[in-house]
>>> print(open('start11.cif').read())   # mmCIF, C-alpha atoms
data_protein
loop_
_atom_site.label_atom_id
_atom_site.label_comp_id
_atom_site.auth_asym_id
_atom_site.auth_seq_id
_atom_site.Cartn_x
_atom_site.Cartn_y
_atom_site.Cartn_z
CA MET A 298 117.99 50.36 72.57
CA THR A 299 121.79 50.53 72.57
CA GLU A 300 121.98 46.89 73.60
CA ARG A 301 119.60 45.90 70.80
CA LEU A 302 121.49 47.81 68.12
CA ALA A 303 124.82 46.43 69.25
CA THR A 304 123.86 42.75 69.48
CA GLY A 305 120.83 42.55 67.21
CA ALA A 306 118.94 40.71 69.99
CA PRO A 307 115.62 42.03 71.40
CA THR A 308 115.69 43.97 74.68
CA ALA A 309 115.24 41.77 77.72
CA TRP A 310 112.48 43.78 79.43
CA GLY A 311 112.06 41.14 82.08
CA SER A 312 115.69 41.19 83.21
CA ASP A 313 116.58 42.55 86.63
CA ALA A 314 118.77 45.28 85.14
CA MET A 315 116.00 46.57 82.87
CA GLN A 316 113.39 46.42 85.64
CA ASN A 317 115.73 48.39 87.93
CA ARG A 318 116.11 51.04 85.23
CA ILE A 319 112.33 51.27 84.81
CA ARG A 320 111.78 51.52 88.56
CA ARG A 321 114.46 54.21 88.82
CA ARG A 322 112.84 56.17 85.99
CA TYR A 323 109.41 55.97 87.65
CA ARG A 324 110.94 56.92 90.99
CA GLN A 325 112.50 60.01 89.44
CA GLU A 326 109.18 60.91 87.85
CA ARG A 327 107.36 60.58 91.18
CA LEU A 328 110.06 62.63 92.88
CA PHE A 329 109.79 65.40 90.29
CA ARG A 330 106.00 65.40 90.57
CA GLY A 331 106.24 65.50 94.37
CA LEU A 332 108.65 68.43 94.23
CA GLY A 333 106.25 70.28 91.96
CA ILE A 334 103.32 69.66 94.30
CA ALA A 335 105.46 70.66 97.30
CA ALA A 336 106.47 73.90 95.57
CA LEU A 337 102.83 74.71 94.82
CA ALA A 338 101.83 73.86 98.39
CA LEU A 339 104.61 76.05 99.78
CA ALA A 340 103.63 78.97 97.57
CA GLY A 341 99.97 78.49 98.46
CA GLY A 342 100.87 78.31 102.15
CA PHE A 343 102.77 81.58 102.01
CA LEU A 344 99.91 83.23 100.13
CA LEU A 345 97.35 81.90 102.62
CA PHE A 346 99.49 83.07 105.54
CA LEU A 347 99.83 86.54 103.99
CA LEU A 348 96.11 86.87 103.31
CA THR A 349 95.18 85.51 106.74
CA THR A 350 97.53 87.94 108.48
CA ILE A 351 96.25 90.92 106.51
CA VAL A 352 92.58 90.04 107.01
CA ALA A 353 93.05 89.24 110.72
CA SER A 354 94.71 92.59 111.40
CA GLY A 355 92.64 94.66 108.97
CA TRP A 356 89.03 93.55 109.22
CA ASN A 357 88.50 95.72 112.29
CA SER A 358 89.17 98.81 110.20
CA PHE A 359 85.75 98.23 108.63
CA ARG A 360 84.15 98.53 112.09
CA ALA A 361 83.77 101.63 114.24
CA THR A 362 82.67 102.21 117.83
CA GLU A 363 80.06 104.78 118.81
CA VAL A 364 79.00 106.10 122.21
CA GLN A 365 75.50 107.12 123.23
CA MET A 366 75.18 110.74 124.39
CA ALA A 367 72.47 113.23 125.22
CA VAL A 368 73.17 116.46 123.32
CA THR A 369 71.28 119.71 123.77
CA PHE A 370 70.95 121.71 120.55
CA ASP A 371 70.93 125.09 122.29
CA PRO A 372 70.55 127.86 119.66
CA ALA A 373 72.35 130.34 121.91
CA ARG A 374 75.36 128.01 122.28
CA LEU A 375 75.26 127.30 118.56
CA GLY A 376 75.27 131.02 117.85
CA VAL A 377 72.27 130.97 115.50
CA ASP A 378 68.73 132.28 115.51
CA ALA A 379 66.40 129.31 115.81
CA ALA A 380 63.64 130.76 113.63
CA ALA A 381 66.06 131.84 110.89
CA ALA A 382 67.88 128.50 110.96
CA LYS A 383 64.63 126.59 110.63
CA ALA A 384 63.74 128.69 107.63
CA ASP A 385 67.18 128.34 106.06
CA PRO A 386 69.14 125.24 107.29
CA ASN A 387 72.23 126.46 105.42
CA LEU A 388 72.77 128.96 108.24
CA LEU A 389 73.77 126.00 110.43
CA ALA A 390 76.85 125.26 108.32
CA LYS A 391 79.03 127.52 110.51
CA ALA A 392 77.24 127.00 113.82
CA ASN A 393 79.19 126.05 116.96
CA PHE A 394 78.45 122.32 117.01
CA GLN A 395 81.89 121.66 118.56
CA GLY A 396 80.73 123.70 121.55
CA ILE A 397 77.54 121.75 122.22
CA MET A 398 79.40 118.48 121.72
CA GLY A 399 82.08 119.55 124.20
CA ASP A 400 79.44 120.62 126.74
CA ALA A 401 77.66 117.27 126.47
CA SER A 402 80.93 115.35 126.81
CA ASP A 403 82.03 117.34 129.89
CA ALA A 404 78.65 116.86 131.53
CA GLN A 405 78.50 113.08 131.02
CA PHE A 406 82.12 111.94 131.09
CA GLY A 407 83.95 114.63 133.03
CA ARG A 408 85.84 117.73 132.00
CA GLY A 409 88.97 117.10 129.96
CA VAL A 410 88.18 113.43 129.25
CA ARG A 411 88.28 112.63 125.51
CA ILE A 412 85.75 109.98 124.66
CA VAL A 413 84.12 111.43 121.58
CA SER A 414 86.11 111.91 118.38
CA ASP A 415 86.98 115.46 117.40
CA GLY A 416 85.14 115.02 114.13
CA ALA A 417 81.91 113.69 115.64
CA TRP A 418 80.39 117.19 115.59
CA LEU A 419 79.83 116.73 111.86
CA THR A 420 77.14 114.18 112.73
CA LEU A 421 75.39 116.79 114.88
CA ARG A 422 75.57 119.35 112.07
CA ASP A 423 74.11 116.91 109.55
CA MET A 424 71.30 116.07 111.96
CA ALA A 425 70.41 119.72 112.51
CA GLN A 426 70.52 120.57 108.80
CA ALA A 427 68.37 117.57 107.94
CA ASP A 428 65.81 118.41 110.67
CA PRO A 429 66.08 121.99 112.00
CA SER A 430 63.14 121.35 114.33
CA ILE A 431 65.53 119.69 116.82
CA LEU A 432 66.95 123.12 117.71
CA GLY A 433 66.19 123.86 121.34
CA THR A 434 65.72 120.17 122.21
CA THR A 435 67.86 117.45 123.76
CA GLN A 436 68.52 114.47 121.53
CA THR A 437 70.02 111.06 122.25
CA VAL A 438 72.61 110.44 119.56
CA TRP A 439 75.36 107.95 118.76
CA LEU A 440 78.70 109.63 118.12
CA LEU A 441 82.05 108.26 116.97
CA THR A 442 84.50 107.56 119.80
CA THR A 443 88.20 108.31 119.93
CA SER A 444 90.67 105.76 118.62
CA ASN A 445 91.65 104.57 122.11
CA ILE A 446 88.06 103.78 123.10
CA ASP A 447 87.52 102.20 119.69
CA GLN A 448 90.56 99.95 120.14
CA LEU A 449 89.43 98.98 123.64
CA ALA A 450 86.00 98.03 122.32
CA LYS A 451 87.60 95.87 119.62
CA GLY A 452 89.86 94.10 122.12
CA ALA A 453 93.08 95.40 120.59
CA PHE A 454 94.82 95.89 123.95
CA ASP A 455 95.92 93.25 126.43
CA LEU A 456 94.48 94.58 129.68
CA THR A 457 96.25 91.92 131.77
CA ILE A 458 99.56 93.76 131.54
CA ASP A 459 100.56 96.82 133.51
CA ALA A 460 98.44 99.83 132.58
CA ALA A 461 101.60 101.94 132.40
CA ASP A 462 102.68 99.92 129.36
CA LEU A 463 99.43 100.56 127.46
CA PRO A 464 98.84 103.53 125.13
CA VAL A 465 95.55 104.23 126.95
CA THR A 466 95.05 105.81 130.36
CA ALA A 467 93.49 104.17 133.40
CA THR A 468 90.66 106.73 133.20
CA GLU A 469 89.85 105.66 129.65
CA ILE A 470 89.88 101.99 130.62
CA ALA A 471 87.56 102.58 133.58
CA LEU A 472 85.21 104.73 131.54
CA TRP A 473 85.15 102.18 128.72
CA LYS A 474 84.23 99.42 131.18
CA ARG A 475 81.45 101.52 132.67
CA LEU A 476 79.96 102.55 129.32
CA ASN A 477 80.22 99.01 128.03
CA SER A 478 78.40 97.61 131.04
CA GLU A 479 75.67 100.27 130.66
CA GLY A 480 75.17 99.36 127.00
CA LYS A 481 76.17 102.82 125.79
CA LEU A 482 78.79 101.56 123.36
CA ARG A 483 78.14 99.84 120.06
CA THR A 484 80.39 98.68 117.23
CA GLY A 485 79.15 98.54 113.66
CA LEU A 486 80.08 99.21 110.05
CA ASN A 487 82.66 101.98 109.65
CA ALA A 488 81.17 103.81 106.68
CA LEU A 489 83.60 106.69 107.15
CA PHE A 490 86.54 104.41 106.33
CA LEU A 491 85.01 103.68 102.93
CA THR A 492 83.79 107.21 102.16
CA GLY A 493 86.30 109.56 103.79
CA ALA A 494 89.79 110.87 103.13
CA ASP A 495 92.93 111.01 105.25
CA SER A 496 92.98 112.42 108.78
CA VAL A 497 95.36 112.81 111.71
CA ASP A 498 92.85 110.91 113.85
CA PRO A 499 92.70 107.17 113.07
CA GLU A 500 88.97 106.92 113.71
CA LEU A 501 88.31 109.60 111.06
CA ALA A 502 90.72 108.33 108.39
CA GLY A 503 89.26 106.88 105.20
CA ILE A 504 90.49 105.45 101.94
CA TRP A 505 88.02 106.86 99.41
CA GLY A 506 90.23 109.85 98.62
CA ALA A 507 93.25 107.64 97.89
CA LEU A 508 91.13 105.08 96.04
CA LYS A 509 89.66 107.73 93.77
CA GLY A 510 93.13 109.18 93.18
CA SER A 511 94.36 105.73 92.09
CA PHE A 512 91.35 105.32 89.80
CA LEU A 513 91.93 108.70 88.13
CA MET A 514 95.60 107.89 87.61
CA LEU A 515 94.80 104.51 86.08
CA ILE A 516 92.44 106.16 83.62
CA ILE A 517 95.23 108.48 82.44
CA THR A 518 97.69 105.57 82.33
CA LEU A 519 95.37 103.37 80.27
CA VAL A 520 94.28 106.11 77.86
CA ILE A 521 97.91 106.98 77.05
CA SER A 522 99.88 103.75 77.30
CA PHE A 523 97.47 101.29 75.65
CA PRO A 524 96.95 102.98 72.25
CA LEU A 525 100.55 104.15 72.02
CA GLY A 526 101.88 100.73 73.04
CA VAL A 527 99.66 98.83 70.61
CA LEU A 528 100.35 101.18 67.69
CA SER A 529 104.08 101.02 68.37
CA ALA A 530 103.97 97.23 68.43
CA ILE A 531 102.01 97.15 65.16
CA TYR A 532 104.48 99.42 63.42
CA LEU A 533 107.57 97.59 64.67
CA GLU A 534 106.18 94.16 63.86
CA GLU A 535 104.29 94.74 60.61
CA PHE A 536 105.58 97.84 58.85
CA ALA A 537 109.04 98.89 60.13
CA ALA A 538 112.05 97.95 58.05
CA LYS A 539 114.47 95.55 59.70
CA ASN A 540 117.62 97.63 60.06
CA ARG A 541 119.98 98.95 62.69
CA TRP A 542 117.58 101.69 63.86
CA THR A 543 114.72 99.32 64.55
CA ASP A 544 117.14 97.01 66.35
CA ILE A 545 118.18 99.91 68.59
CA ILE A 546 114.53 100.76 69.26
CA GLU A 547 113.71 97.15 70.15
CA VAL A 548 116.67 96.89 72.54
CA SER A 549 115.73 100.21 74.12
CA ILE A 550 112.13 99.10 74.71
CA ASN A 551 113.30 95.82 76.25
CA ASN A 552 115.66 97.74 78.54
CA LEU A 553 112.94 100.20 79.54
CA ALA A 554 110.75 97.32 80.71
CA ALA A 555 113.47 96.36 83.21
CA VAL A 556 114.24 99.87 84.51
CA PRO A 557 113.42 100.34 88.23
CA SER A 558 110.20 102.25 88.77
CA ILE A 559 111.86 105.01 90.79
CA ILE A 560 113.76 106.05 87.65
CA PHE A 561 110.44 106.79 85.98
CA GLY A 562 109.55 108.85 89.03
CA LEU A 563 112.70 110.92 88.56
CA LEU A 564 111.82 111.31 84.88
CA GLY A 565 108.32 112.46 85.74
CA LEU A 566 109.71 114.92 88.28
CA ALA A 567 112.15 116.38 85.76
CA VAL A 568 109.80 116.55 82.78
CA PHE A 569 106.25 117.06 84.03
CA LEU A 570 106.92 119.12 87.16
CA ASN A 571 110.21 120.96 86.70
CA THR A 572 110.01 121.53 82.94
CA LEU A 573 106.31 121.63 82.07
CA ASN A 574 105.24 123.05 85.47
CA MET A 575 102.24 120.75 85.74
CA PRO A 576 100.27 120.71 89.03
CA ARG A 577 102.13 118.87 91.77
CA SER A 578 100.51 115.83 93.36
CA ALA A 579 97.82 115.69 90.66
CA PRO A 580 96.42 112.48 89.14
CA ILE A 581 97.32 113.66 85.63
CA VAL A 582 101.02 113.81 86.56
CA GLY A 583 100.86 110.44 88.31
CA GLY A 584 99.05 108.91 85.34
CA LEU A 585 101.61 110.25 82.86
CA THR A 586 104.47 108.93 84.97
CA LEU A 587 102.89 105.48 85.28
CA ALA A 588 102.12 105.52 81.55
CA LEU A 589 105.85 105.88 80.83
CA MET A 590 106.49 102.84 83.00
CA THR A 591 103.64 100.76 81.52
CA PHE A 592 104.30 101.59 77.87
CA PRO A 593 107.24 99.19 77.25
CA VAL A 594 105.41 96.28 78.92
CA ILE A 595 102.44 96.73 76.58
CA VAL A 596 104.70 97.04 73.53
CA ILE A 597 106.55 93.80 74.30
CA ALA A 598 103.35 91.84 75.04
CA SER A 599 101.59 93.23 71.97
CA ARG A 600 104.49 92.32 69.68
CA ALA A 601 104.47 88.78 71.04
CA ALA A 602 100.71 88.54 70.43
CA ILE A 603 101.09 89.79 66.86
CA LYS A 604 103.89 87.30 66.18
CA ALA A 605 101.63 84.48 67.40
CA VAL A 606 99.11 85.11 64.61
CA PRO A 607 99.74 82.47 61.89
CA PRO A 608 101.27 83.83 58.65
CA SER A 609 98.54 81.99 56.75
CA ILE A 610 96.03 84.56 58.00
CA ARG A 611 98.03 87.35 56.38
CA ASP A 612 98.59 85.37 53.17
CA ALA A 613 94.91 84.55 52.84
CA ALA A 614 93.87 88.19 53.34
CA LEU A 615 96.44 89.43 50.84
CA GLY A 616 95.32 86.72 48.41
CA ILE A 617 91.77 88.05 48.28
CA GLY A 618 92.96 91.59 47.58
CA ALA A 619 93.23 93.19 51.06
CA SER A 620 95.78 95.96 51.50
CA PRO A 621 98.56 95.57 54.12
CA VAL A 622 96.75 97.99 56.42
CA GLN A 623 93.49 96.07 56.04
CA VAL A 624 95.31 92.83 56.74
CA VAL A 625 96.65 94.20 60.00
CA PHE A 626 93.57 95.95 61.32
CA HIS A 627 90.90 93.59 59.97
CA HIS A 628 92.58 90.25 60.55
CA VAL A 629 95.76 90.36 62.64
CA ILE A 630 94.69 92.77 65.40
CA PRO A 631 91.38 90.99 66.24
CA LEU A 632 93.30 87.73 66.66
CA ALA A 633 96.13 89.35 68.64
CA LEU A 634 93.86 91.47 70.87
CA PRO A 635 93.53 88.92 73.72
CA GLY A 636 97.33 88.76 74.03
CA MET A 637 97.52 92.54 73.94
CA LEU A 638 94.96 92.78 76.73
CA THR A 639 96.98 90.28 78.76
CA GLY A 640 100.02 92.54 78.53
CA THR A 641 97.87 95.50 79.47
CA ILE A 642 96.57 93.64 82.52
CA LEU A 643 100.12 93.00 83.70
CA GLY A 644 101.16 96.58 83.09
CA MET A 645 98.15 98.10 84.84
CA ALA A 646 98.50 95.73 87.80
CA ARG A 647 102.09 96.82 88.19
CA ALA A 648 101.11 100.49 87.91
CA LEU A 649 98.36 100.11 90.51
CA GLY A 650 100.79 98.87 93.15
CA GLU A 651 103.65 101.30 92.50
CA THR A 652 104.70 103.65 95.27
CA ALA A 653 108.24 104.87 94.54
CA PRO A 654 107.52 106.89 91.35
CA LEU A 655 104.51 108.54 92.99
CA LEU A 656 106.59 109.56 96.00
CA MET A 657 109.09 111.19 93.65
CA ILE A 658 106.41 113.41 92.09
CA GLY A 659 105.02 114.50 95.46
CA MET A 660 101.88 112.40 95.72
CA ARG A 661 102.27 111.83 99.44
CA ALA A 662 100.54 115.05 100.41
CA PHE A 663 98.27 115.07 103.46
CA LEU A 664 94.80 115.61 101.99
CA THR A 665 91.57 115.64 103.97
CA SER A 666 89.35 116.07 100.92
CA VAL A 667 88.47 113.77 98.03
CA PRO A 668 89.91 114.86 94.63
CA GLN A 669 87.26 116.04 92.18
CA GLY A 670 89.32 116.09 88.97
CA PHE A 671 92.51 115.11 87.20
CA THR A 672 94.32 118.33 88.09
CA GLN A 673 93.42 118.56 91.78
CA PRO A 674 95.83 117.39 94.51
CA ALA A 675 95.42 113.70 95.28
CA THR A 676 97.21 110.70 96.64
CA ALA A 677 97.17 107.03 95.67
CA LEU A 678 96.23 103.93 97.62
CA PRO A 679 99.79 102.45 97.77
CA VAL A 680 101.12 105.82 98.97
CA GLN A 681 98.34 106.05 101.56
CA ILE A 682 99.31 102.60 102.84
CA PHE A 683 102.94 103.70 103.03
CA ILE A 684 102.03 106.83 105.01
CA TRP A 685 99.78 104.97 107.46
CA SER A 686 102.34 102.22 108.00
CA ASP A 687 104.79 104.86 109.19
CA ASN A 688 102.36 106.19 111.83
CA VAL A 689 102.94 104.99 115.39
CA SER A 690 99.29 105.22 116.46
CA ARG A 691 97.70 101.83 117.15
CA GLY A 692 94.60 102.82 115.22
CA PHE A 693 96.56 103.23 112.00
CA VAL A 694 97.88 99.65 112.21
CA GLU A 695 94.48 98.20 111.36
CA LYS A 696 93.86 101.04 108.87
CA THR A 697 97.01 99.99 107.00
CA SER A 698 95.86 96.38 106.72
CA GLY A 699 92.35 97.50 105.81
CA ALA A 700 93.72 99.67 103.00
CA ILE A 701 95.75 96.69 101.74
CA ILE A 702 92.55 94.62 101.62
CA VAL A 703 90.85 97.36 99.61
CA LEU A 704 93.86 97.57 97.27
CA LEU A 705 93.78 93.82 96.66
CA LEU A 706 90.03 93.88 96.00
CA PHE A 707 90.47 96.83 93.64
CA LEU A 708 93.23 94.96 91.83
CA LEU A 709 91.04 91.85 91.52
CA LEU A 710 88.20 93.98 90.16
CA ILE A 711 90.39 95.65 87.54
CA ASN A 712 92.00 92.35 86.53
CA GLY A 713 88.64 90.58 86.45
CA LEU A 714 87.23 93.22 84.11
CA ALA A 715 90.29 93.00 81.86
CA ILE A 716 90.15 89.18 81.77
CA TYR A 717 86.46 89.35 80.88
CA LEU A 718 87.19 91.70 77.99
CA ARG A 719 90.08 89.50 76.86
CA ASN A 720 87.89 86.39 76.80
CA LYS A 721 85.09 88.29 75.09
CA PHE A 722 87.32 89.32 72.18
CA GLU A 723 89.23 86.06 71.98
CA VAL A 724 89.02 84.34 68.60
CA ARG A 725 90.07 80.74 68.14
CA TRP A 726 91.38 79.26 64.92
#
>>> encode(input="start11.cif", output="structure tokens")
Amino acid sequence: MTERLATGAPTAWGSDAMQNRIRRRYRQERLFRGLGIAALALAGGFLLFLLTTIVASGWNSFRATEVQMAVTFDPARLGVDAAAAKADPNLLAKANFQGIMGDASDAQFGRGVRIVSDGAWLTLRDMAQADPSILGTTQTVWLLTTSNIDQLAKGAFDLTIDAADLPVTATEIALWKRLNSEGKLRTGLNALFLTGADSVDPELAGIWGALKGSFLMLIITLVISFPLGVLSAIYLEEFAAKNRWTDIIEVSINNLAAVPSIIFGLLGLAVFLNTLNMPRSAPIVGGLTLALMTFPVIVIASRAAIKAVPPSIRDAALGIGASPVQVVFHHVIPLALPGMLTGTILGMARALGETAPLLMIGMRAFLTSVPQGFTQPATALPVQIFIWSDNVSRGFVEKTSGAIIVLLLFLLLINGLAIYLRNKFEVRW
């Protein structure tokens, strides 16, 4: 073009110089496209490697090993009257099922050898309460094994190395081989991992308590941060006067969105626990703390969504006699709602994976029961993962990866629901 303007002659597209320039431009375009594809492939490779590693090390946490045993439900050993227990099965709630389980284990595996999990007696209690007629009889039952036997059955240990370097004893290895050859071991779905709470024994540890705690906290976070964030964005964008005070508020909100999450944990500790004396390690405190962290993200995203609504929408509504409030809530908000939900998705996803602020408010308590309300002690799934990852027991390694899988699935479920709602309310113009 420069050559044409300078000389007045048409550009010689067939010249070698011009063809070289065209080839160089196409080469640069292909290089840029190749770099983009390479970047996407690299990111996808890292993501695939991460997911493969987590699934490979965590899928076994959804499986549990059981051993076949013959257990005698001796009323005298249980410490109950057979006739009374059959009439009222609730009397079996405090019976000595640990004793009959220990007797059966000593008789079949040898005294002092731990093959059956310490919590397996609960299965015996549930059996007796469901059918009290088994009192005084010997039943063949499948009971949960210890973590070492479970890991042996899943092939977690390399038995070719010196036994002294393994976390299992030679007696356990020999007994596992014998039981396996006799067909008295089976591995199936680990329902306890999906329905139980934390435990000191890996084979008894579950994620339902932490998952429910996370769900309760997210409810509190959403109920508080979403309406406050949206209303704040509406006021700042549609009604607030543009002066120095609103400028300070806008800068403060933008700064809050970049504050490290642990600072919000310190704020929650100072305000909700030390000042207001709210229950420690409760979902309501965790939800309030995460709401403080999520609030600025929702405000910023909601303001951007409101700005994206064309001014012609407002002018048309005002032109037909709508009040400013009607313009906002009848016309602007329905069009901006998908963008607001997008910001909420990002904020809630960040809140779901946070660990540091929850640690600051004491939500790393060891809890063996599932929380039943917003004010009861609870923990969260990210905190549970953090606690298990710090445990040296081999059984907790797969539990950690299994909990990460559950966290990712929970995150996909929450995001999928939010994306569905966003698309449902989306209005095109």
>>> closest_residue(input="start11.cif", among="A:Ile642, A:Leu570, A:Ile412, A:Leu440", to="A:Ser599", atoms="only C-alpha atoms")
A:Ile642
>>> resolve_selection(input="start11.cif", expression="the PyMOL selection byres ((chain A and resi 685-697) around 10)", output="NGL selection string")
:A and (351-359 or 443-445 or 447-448 or 453-454 or 464 or 490 or 495 or 497-500 or 502-504 or 679-684 or 698-703)
>>> residues_near_point(input="start11.cif", point="(77.9, 118.2, 114.7)", cutoff="7 Å", atoms="all atoms listed in the file", output="compact mmCIF listing (two decimals) with C-alpha atoms, keeping the file's coordinate frame")
# COMPACT_ATOMS: atom_id res chain seq x y z
CA PHE A 394 78.45 122.32 117.01
CA GLN A 395 81.89 121.66 118.56
CA ALA A 417 81.91 113.69 115.64
CA TRP A 418 80.39 117.19 115.59
CA LEU A 419 79.83 116.73 111.86
CA THR A 420 77.14 114.18 112.73
CA LEU A 421 75.39 116.79 114.88
CA ARG A 422 75.57 119.35 112.07
CA ASP A 423 74.11 116.91 109.55
>>> closest_residue(input="start11.cif", among="A:Arg577, A:Arg647, A:Arg322, A:Arg719", to="A:Ser558", atoms="all atoms listed in the file")
A:Arg647
>>> atom_distance(input="start11.cif", atom1="atom CA of A:Ala361", atom2="atom CA of A:Gly452")
12.5 Å
>>> residues_around(input="start11.cif", residues="stretch 508-515 of chain A", least_positions_apart="5", cutoff="7 Å", atoms="only C-alpha atoms", output="list in words")
Pro580, Ile581, Gly583, Gly584, Pro668, Phe671, Ala675, Thr676, Ala677 and Leu678 of chain A
